[in-house]
There are 2 protein chains.
Amino acid sequence: MAQSQLRPPTMADVARLAGVSHQTVSRVLGDHPNVRDETRARVLHAIEEMGYRRNSSARALVTRRTRTLGVVASDTTLYGPASTLFALEEAARAEGYLVSTVSLRKLTVETLSEALDHLSEGGVEGVVAIAPQRSAVEALAELRHPFPVVTVGSGPGVGIPCVNVDQYMGARLATGHLLAAGHRTVWHLAGPEDWQEAADRAAGWRATLEEAGVEPPMSLRGDWSPLSGYRAGQELAGWVGRGLTAVFVANDQMALGVLRALREAGVRTPQDVAVVGFDDIPESEFFAPPLTTVRQDFSAVGKRSIALLLDLIEGRDPAGTPRFAIEPQLVVRASTFPYTADPGAAPT
Amino acid sequence: MAQSQLRPPTMADVARLAGVSHQTVSRVLGDHPNVRDETRARVLHAIEEMGYRRNSSARALVTRRTRTLGVVASDTTLYGPASTLFALEEAARAEGYLVSTVSLRKLTVETLSEALDHLSEGGVEGVVAIAPQRSAVEALAELRHPFPVVTVGSGPGVGIPCVNVDQYMGARLATGHLLAAGHRTVWHLAGPEDWQEAADRAAGWRATLEEAGVEPPMSLRGDWSPLSGYRAGQELAGWVGRGLTAVFVANDQMALGVLRALREAGVRTPQDVAVVGFDDIPESEFFAPPLTTVRQDFSAVGKRSIALLLDLIEGRDPAGTPRFAIEPQLVVRASTFPYTADPGAAPT
DNA sequence: GCATGAATTGTTAGCGCTCACAATGACCTC
DNA sequence: GAGGTCATTGTGAGCGCTAACAATTCATGC
């Protein structure tokens with residue numbers, strides 16, 4: 001059954017046991033058609049007997065294919081990046097690829113460069129960079145790397161192929177929802193300056209207001225964290241009674257902070273101020289009150305990114321692979337209406 | 001500068017350009033001491049000139065070291081697993097290892113077995129399994145694999161080396177805190193039956209009550225999700241006024257659901273019922289009210305897991321590597337006291 | 001019964017690297 | 001100046017596998 005752990009068995013060992021040449025073993029493993037059934041069975045039995053496993057390094061050396069992809073990400077404990085990471089790995093595994101991840105605390109030219117070097121040392125055939133900051137994508141564009149790179153969440157523009165959820169559309173859904181509910185205007189708490197997604201969401205908000213003939217009010221800025229939302233919420237609370245009845249917050253975590261600040265200021269949600277978030281993190285449904293938000297299809301993002309990357313790696317024309325404009329979806333809950341549906345019965 | 005992409009340059013190409021043997025190039029790359037400075041400079045220049053990168057497969061083939069570790073995990077979009085994953089990758093990278101992750105939707109014998117096969121095909125030298133379900137660890141114990149495996153969050157017992165936060169201690173901190181605040185007894189909403197951490201937290205809760213001479217009340221069970229917490233919270237609300245004044249919830253997400261259910265039932269927190277969670281997810285501080293909870297040091301978990309795994313891989317005696325009993329920390333917020341500290345000024 | 005081609009199997013030559021060892025030359029020591 | 005040591009560099013083998021080609025076997029058809 002098992003065998004001495006001193007040295008794992010090689011193809012030649014298996015071949016000897018099965019009474020064939022090592023090449024026949026290779027053919028069996030490679031599902032080559034021209035192997036007699038009886039021979040194949042004998043080889044498979046020998047493989048089983050010795051607990052043989054093909055040496056991936058030797059294989060990679062001669063085929064020049066490591067079947068490994070790299071992912072560079074940051075903020076991987078946040079719901080969005082974590083979901084993207086998960087979707088990427090799942091999609092890559094479905095294609096038979098292994099995924100090596102590098103999670104960075106900060107995305108700078110230096111850390112990105114080190115990450116790509118590290119992945120390159122590991123022999124990845126291509127990399128997906130979850131690089132939602134503009135500066136990160138620009139850094140990426142400058143860096144030399146011996147493999148194709150695809151970005152997620154960066155928007156087009158710097159010439160690196162990318163896959164995106166349509167943030168602009170999502171913001172329009174959110175803002176339009178509030179206008180349709182009768183609010184005269186909608187305020188906005190934006191994400192960090194440098195983030196493409198924050199810019200796109202702000203642009204969608206602004207465009208929707210302008211189309212409705214409304215002058216966009218001053219917009220605030222946070223850093224995605226609940227704390228920054230809390231601080232902004234304190235400021236927003238001061239505008240209640242002076243035209244502020246609805247806020248579109250650029251992500252759910254900040255919306256959580258806003259809700260707390262409003263509550264502490266004695267402002268009721270949604271009666272006094274309606275709030276919409278973005279992301280639909282699992283907790284949103286249980287906020288006080290449950291949060292209306294915009295859901296993104298991370299699974300689609302993962303699949304398309306991997307498809308695009310593999311096109312690039314295998315020299316196929318990526319034109320046929322769809323990428324932009326993965327459509328987000330509005331999820332309406334109690335933070336915008338006196339809405340009390342039983343949780344769990346909420347739309348999925 | 002760059003060179004024709006037809007075939008990447010090899011060590012021999014670099015050697016030719018530098019006028020040395022391939023072995024000298026290898027020595028330069030390997031930081032071997034006995035190379036003349038002038039020679040080293042010449043080689044480095046040639047490397048730069050050709051854009052040479054060492055072929056990891058060839059290197060791995062001869063050294064029998066891929067310098068890649070595997071991680072198997074599930075629920076990677078949850079805060080705990082995501083944090084652990086991040087910490088593992090960071091710790092492994094610090095040791096010069098690449099990390100390949102497999103994220104599973106469900107941990108069963110089949111999926112685990114496939115995951116280990118997949119990682120094995122990829123040539124990992126060892127695997128960390130984030131396997132908090134008992135059934136998963138048992139499955140793992142049965143599976144054959146040609147590399148060492150370390151588990152995280154599983155508790156000892158099945159003979160697989162493991163690293164853990166002291167969940168029992170964390171539960172004692174939480175329960176003790178409530179008793180010290182004057183509550184006569186503490187109810188418990190436990191995590192899923194099969195989870196070791198859920199069992200440990202329940203045991204810590206029970207032991208603390210028993211030591212205080214209190215008969216533990218009926219305990220409820222959820223599945224970690226906010227929804228299950230909400231349902232349990234509805235049930236708990238029915239016991240208010242009949243001895244229920246404090247609840248220790250086994251994680252923050254369920255606590256969020258409990259808070260919502262209590263609020264909807266007209267029960268005030270903390271005045272009527274105090275609530276403590278577990279995990280300290282970033283959102284907890286902004287719940288309504290901000291949640292008292294137990295924080296775990298995932299970074300320590302990551303470092304120790306990797307240290308232990310590397311001990312195993314390199315045949316060192318792992319006895320010297322500390323592993324159990326990473327101590328958790330109580331974070332007190334408004335859900336257990338009328339406590340209104342400014343967020344951000346909270347302990348970090 | 002033997003040529004003919006297809007199916008099956010074996011042989012050989014690397015893939016690009018590191019290791020072990022050999023060779024070279026500079027510098028001492030007595 | 002012979003012999004020894006050390007630093008530096010080169011040579012050859014081989015890691016385990018796949019690709020290309022060569023060799024063998026086997027079933028046909030006439």
# chains A, B, ... in the order shown; residues from 1 in each chain; ligands from 1
>>> residues_around(residues="range 275-292 of chain B", least_positions_apart="6", cutoff="9 Å", atoms="only C-alpha atoms (C1' of nucleotides)", output="number ranges by chain")
A: 225-227, 230, 253, 256-257, 259-260, 263, 283, 287-288; B: 79-80, 170-171, 174-175, 178, 245-256, 258-260, 263, 269, 330-337, 339-340, 343, 346
>>> closest_atom_pairs(of="chain B", to="chain A", cutoff="8 Å", atoms="only C-alpha atoms", output="CSV")
residue,atom,partner,partner_atom,distance
B:Arg53,CA,A:Glu121,CA,7.6
B:Arg54,CA,A:Glu121,CA,7.3
B:Asn55,CA,A:Gly123,CA,7.2
B:Ser56,CA,A:Gly123,CA,5.8
B:Ser57,CA,A:Ser57,CA,4.8
B:Ala58,CA,A:Leu61,CA,5.6
B:Ala60,CA,A:Ser57,CA,6.0
B:Leu61,CA,A:Ser57,CA,5.2
B:Thr66,CA,A:Ser57,CA,7.7
B:Arg67,CA,A:Gly122,CA,8.0
B:Thr68,CA,A:Gly122,CA,7.8
B:Thr76,CA,A:Ala82,CA,6.8
B:Thr77,CA,A:Ala82,CA,5.2
B:Leu78,CA,A:Tyr79,CA,7.6
B:Tyr79,CA,A:Thr77,CA,6.0
B:Ala82,CA,A:Thr77,CA,5.2
B:Ser83,CA,A:Thr77,CA,5.7
B:Phe86,CA,A:Ser103,CA,6.4
B:Glu89,CA,A:Val102,CA,6.8
B:Glu90,CA,A:Ser103,CA,7.0
B:Leu98,CA,A:Ser100,CA,6.6
B:Val99,CA,A:Ser100,CA,5.3
B:Ser100,CA,A:Ser100,CA,4.2
B:Thr101,CA,A:Val99,CA,6.2
B:Val102,CA,A:Glu89,CA,6.8
B:Ser103,CA,A:Phe86,CA,6.4
B:His118,CA,A:Leu98,CA,7.6
B:Leu119,CA,A:Leu98,CA,7.4
B:Glu121,CA,A:Ser56,CA,6.2
B:Gly122,CA,A:Ser56,CA,6.1
B:Gly123,CA,A:Ser56,CA,5.7
B:Pro226,CA,A:Glu283,CA,6.6
B:Leu227,CA,A:Gly344,CA,6.8
B:Gln253,CA,A:Glu283,CA,7.0
B:Leu256,CA,A:Phe286,CA,6.5
B:Gly257,CA,A:Phe286,CA,5.9
B:Arg260,CA,A:Phe286,CA,6.3
B:Pro282,CA,A:Pro226,CA,7.7
B:Glu283,CA,A:Pro226,CA,6.6
B:Phe286,CA,A:Gly257,CA,5.9
B:Phe287,CA,A:Phe287,CA,7.3
B:Ala288,CA,A:Ala288,CA,6.6
B:Pro343,CA,A:Leu227,CA,6.9
B:Gly344,CA,A:Leu227,CA,6.8
>>> residues_around(residues="DT11 in chain C", least_positions_apart="2", cutoff="9 Å", atoms="only C-alpha atoms (C1' of nucleotides)", output="list in words")
DC21, DA22 and DA23 of chain D
>>> interface_residues(of="chain C", to="chain B", cutoff="10 Å", atoms="only C-alpha atoms (C1' of nucleotides)", output="PyMOL selection string")
chain C and resi 15-19
>>> closest_atom_pairs(of="chain D", to="chain A", cutoff="10 Å", atoms="only C-alpha atoms (C1' of nucleotides)", output="tab-separated table")
residue	atom	partner	partner_atom	distance
D:DC15	C1'	A:Ala58	CA	7.9
D:DG16	C1'	A:Ala58	CA	5.1
D:DC17	C1'	A:Ala58	CA	4.9
D:DT18	C1'	A:Val62	CA	6.2
D:DA19	C1'	A:Val62	CA	9.0
>>> write_last_selection(atoms="N, CA and C atoms (P, O5', C5', C4', C3', O3' and C1' of nucleotides)", output="PDB file, in the first residue's frame")
ATOM      1  P    DC D  15      18.184  11.072 -11.099  1.00  0.00           P
ATOM      2  O5'  DC D  15      17.062  11.942 -10.395  1.00  0.00           O
ATOM      3  C5'  DC D  15      17.343  12.749  -9.255  1.00  0.00           C
ATOM      4  C4'  DC D  15      16.445  13.965  -9.292  1.00  0.00           C
ATOM      5  C3'  DC D  15      15.074  13.692  -9.882  1.00  0.00           C
ATOM      6  O3'  DC D  15      14.164  13.431  -8.813  1.00  0.00           O
ATOM      7  C1'  DC D  15      16.049  15.734 -10.767  1.00  0.00           C
ATOM      8  P    DG D  16      13.423  12.020  -8.768  1.00  0.00           P
ATOM      9  O5'  DG D  16      12.256  12.219  -9.822  1.00  0.00           O
ATOM     10  C5'  DG D  16      11.306  13.238  -9.593  1.00  0.00           C
ATOM     11  C4'  DG D  16      10.543  13.489 -10.864  1.00  0.00           C
ATOM     12  C3'  DG D  16       9.881  12.245 -11.467  1.00  0.00           C
ATOM     13  O3'  DG D  16       8.515  12.547 -11.673  1.00  0.00           O
ATOM     14  C1'  DG D  16      11.093  13.414 -13.112  1.00  0.00           C
ATOM     15  P    DC D  17       7.481  11.606 -12.327  1.00  0.00           P
ATOM     16  O5'  DC D  17       7.289  12.300 -13.748  1.00  0.00           O
ATOM     17  C5'  DC D  17       6.645  13.567 -13.804  1.00  0.00           C
ATOM     18  C4'  DC D  17       7.004  14.275 -15.083  1.00  0.00           C
ATOM     19  C3'  DC D  17       6.388  13.684 -16.340  1.00  0.00           C
ATOM     20  O3'  DC D  17       5.139  14.332 -16.567  1.00  0.00           O
ATOM     21  C1'  DC D  17       8.679  14.339 -16.669  1.00  0.00           C
ATOM     22  P    DT D  18       4.165  13.710 -17.673  1.00  0.00           P
ATOM     23  O5'  DT D  18       4.753  14.358 -19.011  1.00  0.00           O
ATOM     24  C5'  DT D  18       4.684  15.775 -19.176  1.00  0.00           C
ATOM     25  C4'  DT D  18       5.271  16.147 -20.511  1.00  0.00           C
ATOM     26  C3'  DT D  18       4.514  15.622 -21.720  1.00  0.00           C
ATOM     27  O3'  DT D  18       4.520  16.662 -22.681  1.00  0.00           O
ATOM     28  C1'  DT D  18       6.761  14.893 -21.828  1.00  0.00           C
ATOM     29  P    DA D  19       3.614  16.641 -23.985  1.00  0.00           P
ATOM     30  O5'  DA D  19       4.680  16.614 -25.172  1.00  0.00           O
ATOM     31  C5'  DA D  19       5.683  17.611 -25.208  1.00  0.00           C
ATOM     32  C4'  DA D  19       6.617  17.322 -26.359  1.00  0.00           C
ATOM     33  C3'  DA D  19       5.900  16.854 -27.620  1.00  0.00           C
ATOM     34  O3'  DA D  19       6.547  17.438 -28.735  1.00  0.00           O
ATOM     35  C1'  DA D  19       7.414  15.181 -26.897  1.00  0.00           C
TER      36       DA D  19
END
>>> residues_around(residues="DA20 in chain C", least_positions_apart="2", cutoff="10 Å", atoms="only C-alpha atoms (C1' of nucleotides)", output="PDB file with N, CA, C and O atoms (P, O5', C5', C4', C3', O3' and C1' of nucleotides), in the first residue's frame")
ATOM      1  P    DT C  18      19.308  27.176  -9.299  1.00  0.00           P
ATOM      2  O5'  DT C  18      19.797  25.796  -8.656  1.00  0.00           O
ATOM      3  C5'  DT C  18      18.887  25.052  -7.866  1.00  0.00           C
ATOM      4  C4'  DT C  18      19.548  23.767  -7.400  1.00  0.00           C
ATOM      5  C3'  DT C  18      20.773  23.973  -6.512  1.00  0.00           C
ATOM      6  O3'  DT C  18      20.703  23.006  -5.471  1.00  0.00           O
ATOM      7  C1'  DT C  18      21.382  22.670  -8.383  1.00  0.00           C
ATOM      8  P    DA C  22      36.645  14.928  -7.329  1.00  0.00           P
ATOM      9  O5'  DA C  22      37.092  15.792  -8.571  1.00  0.00           O
ATOM     10  C5'  DA C  22      36.390  15.630  -9.807  1.00  0.00           C
ATOM     11  C4'  DA C  22      36.874  16.698 -10.768  1.00  0.00           C
ATOM     12  C3'  DA C  22      38.386  16.926 -10.720  1.00  0.00           C
ATOM     13  O3'  DA C  22      38.847  17.143 -12.039  1.00  0.00           O
ATOM     14  C1'  DA C  22      37.254  18.938 -10.167  1.00  0.00           C
TER      15       DA C  22
ATOM     16  P    DG D  12      32.737  18.152 -18.988  1.00  0.00           P
ATOM     17  O5'  DG D  12      31.777  17.297 -18.044  1.00  0.00           O
ATOM     18  C5'  DG D  12      32.351  16.661 -16.900  1.00  0.00           C
ATOM     19  C4'  DG D  12      31.283  15.893 -16.144  1.00  0.00           C
ATOM     20  C3'  DG D  12      30.222  15.251 -17.036  1.00  0.00           C
ATOM     21  O3'  DG D  12      30.033  13.913 -16.569  1.00  0.00           O
ATOM     22  C1'  DG D  12      29.180  16.691 -15.454  1.00  0.00           C
ATOM     23  P    DA D  13      28.954  12.973 -17.236  1.00  0.00           P
ATOM     24  O5'  DA D  13      27.864  12.890 -16.071  1.00  0.00           O
ATOM     25  C5'  DA D  13      28.308  12.734 -14.722  1.00  0.00           C
ATOM     26  C4'  DA D  13      27.116  12.823 -13.789  1.00  0.00           C
ATOM     27  C3'  DA D  13      25.871  12.085 -14.288  1.00  0.00           C
ATOM     28  O3'  DA D  13      25.318  11.401 -13.190  1.00  0.00           O
ATOM     29  C1'  DA D  13      25.340  14.342 -13.842  1.00  0.00           C
TER      30       DA D  13
END
>>> atom_distance(atom1="CA of Arg201 in chain B", atom2="CA of Leu236 in chain B")
18.8 Å
>>> decode(residues="range 3-27 of chain C", atoms="N, CA, C and O atoms (P, O5', C5', C4', C3', O3' and C1' of nucleotides)", output="mmCIF file, in the first residue's frame")
data_model
loop_
_atom_site.group_PDB
_atom_site.id
_atom_site.type_symbol
_atom_site.label_atom_id
_atom_site.label_comp_id
_atom_site.auth_asym_id
_atom_site.auth_seq_id
_atom_site.Cartn_x
_atom_site.Cartn_y
_atom_site.Cartn_z
ATOM 1 P P DA C 3 6.190 -9.626 -47.746
ATOM 2 O "O5'" DA C 3 5.559 -8.216 -48.153
ATOM 3 C "C5'" DA C 3 5.063 -8.029 -49.469
ATOM 4 C "C4'" DA C 3 3.778 -7.227 -49.410
ATOM 5 C "C3'" DA C 3 3.934 -5.805 -48.892
ATOM 6 O "O3'" DA C 3 3.181 -4.946 -49.729
ATOM 7 C "C1'" DA C 3 2.317 -6.950 -47.603
ATOM 8 P P DT C 4 3.211 -3.359 -49.484
ATOM 9 O "O5'" DT C 4 2.068 -3.150 -48.428
ATOM 10 C "C5'" DT C 4 0.691 -3.137 -48.860
ATOM 11 C "C4'" DT C 4 -0.133 -2.570 -47.731
ATOM 12 C "C3'" DT C 4 0.466 -1.313 -47.095
ATOM 13 O "O3'" DT C 4 -0.493 -0.272 -47.142
ATOM 14 C "C1'" DT C 4 -0.116 -2.908 -45.430
ATOM 15 P P DG C 5 -0.013 1.261 -46.940
ATOM 16 O "O5'" DG C 5 -0.788 1.613 -45.593
ATOM 17 C "C5'" DG C 5 -2.180 1.332 -45.500
ATOM 18 C "C4'" DG C 5 -2.527 1.067 -44.057
ATOM 19 C "C3'" DG C 5 -2.182 2.228 -43.102
ATOM 20 O "O3'" DG C 5 -3.339 2.535 -42.356
ATOM 21 C "C1'" DG C 5 -1.423 0.180 -42.238
ATOM 22 P P DA C 6 -3.538 3.982 -41.731
ATOM 23 O "O5'" DA C 6 -4.146 3.577 -40.322
ATOM 24 C "C5'" DA C 6 -5.187 2.614 -40.266
ATOM 25 C "C4'" DA C 6 -5.090 1.858 -38.959
ATOM 26 C "C3'" DA C 6 -4.958 2.772 -37.736
ATOM 27 O "O3'" DA C 6 -5.925 2.379 -36.790
ATOM 28 C "C1'" DA C 6 -3.256 1.124 -37.720
ATOM 29 P P DA C 7 -6.217 3.294 -35.485
ATOM 30 O "O5'" DA C 7 -5.585 2.382 -34.338
ATOM 31 C "C5'" DA C 7 -6.062 1.040 -34.192
ATOM 32 C "C4'" DA C 7 -5.127 0.314 -33.257
ATOM 33 C "C3'" DA C 7 -4.926 0.989 -31.892
ATOM 34 O "O3'" DA C 7 -5.159 0.012 -30.908
ATOM 35 C "C1'" DA C 7 -2.837 0.483 -32.879
ATOM 36 P P DT C 8 -5.233 0.395 -29.373
ATOM 37 O "O5'" DT C 8 -3.718 0.215 -28.924
ATOM 38 C "C5'" DT C 8 -3.214 -1.099 -28.804
ATOM 39 C "C4'" DT C 8 -1.713 -1.042 -28.619
ATOM 40 C "C3'" DT C 8 -1.214 -0.394 -27.325
ATOM 41 O "O3'" DT C 8 -0.855 -1.451 -26.455
ATOM 42 C "C1'" DT C 8 0.191 0.050 -29.210
ATOM 43 P P DT C 9 -0.303 -1.133 -24.990
ATOM 44 O "O5'" DT C 9 1.227 -0.854 -25.281
ATOM 45 C "C5'" DT C 9 2.105 -1.946 -25.485
ATOM 46 C "C4'" DT C 9 3.473 -1.424 -25.833
ATOM 47 C "C3'" DT C 9 4.185 -0.687 -24.700
ATOM 48 O "O3'" DT C 9 5.223 -1.528 -24.220
ATOM 49 C "C1'" DT C 9 4.507 0.363 -26.826
ATOM 50 P P DG C 10 6.252 -1.015 -23.077
ATOM 51 O "O5'" DG C 10 7.419 -0.444 -23.992
ATOM 52 C "C5'" DG C 10 8.033 -1.323 -24.921
ATOM 53 C "C4'" DG C 10 9.206 -0.626 -25.614
ATOM 54 C "C3'" DG C 10 10.226 -0.005 -24.668
ATOM 55 O "O3'" DG C 10 11.524 -0.332 -25.168
ATOM 56 C "C1'" DG C 10 9.421 1.639 -26.189
ATOM 57 P P DT C 11 12.842 0.099 -24.347
ATOM 58 O "O5'" DT C 11 13.378 1.341 -25.172
ATOM 59 C "C5'" DT C 11 13.468 1.232 -26.589
ATOM 60 C "C4'" DT C 11 14.152 2.464 -27.161
ATOM 61 C "C3'" DT C 11 15.242 3.068 -26.273
ATOM 62 O "O3'" DT C 11 16.346 3.390 -27.109
ATOM 63 C "C1'" DT C 11 13.587 4.711 -26.750
ATOM 64 P P DT C 12 17.695 3.911 -26.471
ATOM 65 O "O5'" DT C 12 17.566 5.465 -26.708
ATOM 66 C "C5'" DT C 12 17.302 5.946 -28.040
ATOM 67 C "C4'" DT C 12 17.085 7.438 -28.005
ATOM 68 C "C3'" DT C 12 18.097 8.207 -27.149
ATOM 69 O "O3'" DT C 12 18.737 9.150 -27.989
ATOM 70 C "C1'" DT C 12 15.870 8.904 -26.680
ATOM 71 P P DA C 13 19.881 10.081 -27.425
ATOM 72 O "O5'" DA C 13 19.079 11.448 -27.265
ATOM 73 C "C5'" DA C 13 18.283 11.928 -28.349
ATOM 74 C "C4'" DA C 13 17.548 13.177 -27.911
ATOM 75 C "C3'" DA C 13 18.408 14.180 -27.150
ATOM 76 O "O3'" DA C 13 18.016 15.482 -27.568
ATOM 77 C "C1'" DA C 13 16.568 13.598 -25.826
ATOM 78 P P DG C 14 19.000 16.738 -27.356
ATOM 79 O "O5'" DG C 14 19.304 16.631 -25.781
ATOM 80 C "C5'" DG C 14 19.102 17.754 -24.938
ATOM 81 C "C4'" DG C 14 17.654 18.199 -24.940
ATOM 82 C "C3'" DG C 14 17.398 19.251 -23.878
ATOM 83 O "O3'" DG C 14 16.635 20.297 -24.425
ATOM 84 C "C1'" DG C 14 16.047 17.325 -23.478
ATOM 85 P P DC C 15 16.867 21.764 -23.971
ATOM 86 O "O5'" DC C 15 15.683 22.067 -22.958
ATOM 87 C "C5'" DC C 15 14.353 22.240 -23.383
ATOM 88 C "C4'" DC C 15 13.487 22.325 -22.150
ATOM 89 C "C3'" DC C 15 14.100 23.170 -21.040
ATOM 90 O "O3'" DC C 15 13.543 24.471 -21.114
ATOM 91 C "C1'" DC C 15 13.235 21.049 -20.193
ATOM 92 P P DG C 16 14.506 25.753 -21.270
ATOM 93 O "O5'" DG C 16 15.061 25.959 -19.793
ATOM 94 C "C5'" DG C 16 14.158 26.253 -18.757
ATOM 95 C "C4'" DG C 16 14.853 26.051 -17.432
ATOM 96 C "C3'" DG C 16 16.149 26.857 -17.267
ATOM 97 O "O3'" DG C 16 16.053 27.540 -16.031
ATOM 98 C "C1'" DG C 16 16.511 24.600 -16.720
ATOM 99 P P DC C 17 17.183 28.479 -15.449
ATOM 100 O "O5'" DC C 17 17.686 27.615 -14.212
ATOM 101 C "C5'" DC C 17 16.792 27.402 -13.144
ATOM 102 C "C4'" DC C 17 17.178 26.138 -12.403
ATOM 103 C "C3'" DC C 17 18.453 26.237 -11.584
ATOM 104 O "O3'" DC C 17 18.116 26.678 -10.269
ATOM 105 C "C1'" DC C 17 18.257 24.130 -12.729
ATOM 106 P P DT C 18 19.308 27.176 -9.299
ATOM 107 O "O5'" DT C 18 19.797 25.796 -8.656
ATOM 108 C "C5'" DT C 18 18.887 25.052 -7.866
ATOM 109 C "C4'" DT C 18 19.548 23.767 -7.400
ATOM 110 C "C3'" DT C 18 20.773 23.973 -6.512
ATOM 111 O "O3'" DT C 18 20.703 23.006 -5.471
ATOM 112 C "C1'" DT C 18 21.382 22.670 -8.383
ATOM 113 P P DC C 19 21.605 23.137 -4.177
ATOM 114 O "O5'" DC C 19 22.487 21.807 -4.253
ATOM 115 C "C5'" DC C 19 21.835 20.560 -4.472
ATOM 116 C "C4'" DC C 19 22.867 19.514 -4.861
ATOM 117 C "C3'" DC C 19 24.153 19.587 -4.028
ATOM 118 O "O3'" DC C 19 24.412 18.301 -3.498
ATOM 119 C "C1'" DC C 19 24.654 19.585 -6.356
ATOM 120 P P DA C 20 25.543 18.150 -2.367
ATOM 121 O "O5'" DA C 20 26.710 17.449 -3.200
ATOM 122 C "C5'" DA C 20 26.419 16.270 -3.937
ATOM 123 C "C4'" DA C 20 27.618 15.877 -4.766
ATOM 124 C "C3'" DA C 20 28.949 15.938 -3.998
ATOM 125 O "O3'" DA C 20 29.698 14.773 -4.323
ATOM 126 C "C1'" DA C 20 29.059 17.304 -5.941
ATOM 127 P P DC C 21 31.089 14.473 -3.548
ATOM 128 O "O5'" DC C 21 32.133 14.913 -4.657
ATOM 129 C "C5'" DC C 21 31.962 14.431 -5.986
ATOM 130 C "C4'" DC C 21 32.770 15.275 -6.934
ATOM 131 C "C3'" DC C 21 34.240 15.466 -6.504
ATOM 132 O "O3'" DC C 21 35.050 14.984 -7.545
ATOM 133 C "C1'" DC C 21 33.278 17.476 -7.292
ATOM 134 P P DA C 22 36.645 14.928 -7.329
ATOM 135 O "O5'" DA C 22 37.092 15.792 -8.571
ATOM 136 C "C5'" DA C 22 36.390 15.630 -9.807
ATOM 137 C "C4'" DA C 22 36.874 16.698 -10.768
ATOM 138 C "C3'" DA C 22 38.386 16.926 -10.720
ATOM 139 O "O3'" DA C 22 38.847 17.143 -12.039
ATOM 140 C "C1'" DA C 22 37.254 18.938 -10.167
ATOM 141 P P DA C 23 40.415 17.310 -12.317
ATOM 142 O "O5'" DA C 23 40.561 18.865 -12.553
ATOM 143 C "C5'" DA C 23 39.792 19.478 -13.582
ATOM 144 C "C4'" DA C 23 39.997 20.957 -13.508
ATOM 145 C "C3'" DA C 23 41.468 21.393 -13.471
ATOM 146 O "O3'" DA C 23 41.651 22.331 -14.513
ATOM 147 C "C1'" DA C 23 40.238 22.452 -11.743
ATOM 148 P P DT C 24 43.134 22.674 -14.977
ATOM 149 O "O5'" DT C 24 43.344 24.174 -14.491
ATOM 150 C "C5'" DT C 24 42.334 25.153 -14.787
ATOM 151 C "C4'" DT C 24 42.408 26.230 -13.773
ATOM 152 C "C3'" DT C 24 43.794 26.842 -13.569
ATOM 153 O "O3'" DT C 24 43.846 28.065 -14.273
ATOM 154 C "C1'" DT C 24 42.529 26.684 -11.562
ATOM 155 P P DG C 25 45.224 28.731 -14.627
ATOM 156 O "O5'" DG C 25 45.448 29.722 -13.413
ATOM 157 C "C5'" DG C 25 44.443 30.674 -13.121
ATOM 158 C "C4'" DG C 25 44.586 31.133 -11.700
ATOM 159 C "C3'" DG C 25 45.987 31.661 -11.335
ATOM 160 O "O3'" DG C 25 45.808 32.934 -10.750
ATOM 161 C "C1'" DG C 25 45.201 30.200 -9.683
ATOM 162 P P DA C 26 47.011 34.007 -10.802
ATOM 163 O "O5'" DA C 26 46.905 34.605 -9.335
ATOM 164 C "C5'" DA C 26 45.613 34.923 -8.815
ATOM 165 C "C4'" DA C 26 45.679 34.891 -7.304
ATOM 166 C "C3'" DA C 26 46.947 35.526 -6.717
ATOM 167 O "O3'" DA C 26 46.554 36.416 -5.677
ATOM 168 C "C1'" DA C 26 46.669 33.322 -5.871
ATOM 169 P P DC C 27 47.645 37.456 -5.048
ATOM 170 O "O5'" DC C 27 47.997 36.731 -3.674
ATOM 171 C "C5'" DC C 27 46.943 36.260 -2.857
ATOM 172 C "C4'" DC C 27 47.511 35.328 -1.806
ATOM 173 C "C3'" DC C 27 48.822 35.806 -1.179
ATOM 174 O "O3'" DC C 27 48.661 35.880 0.223
ATOM 175 C "C1'" DC C 27 48.936 33.515 -1.735
#
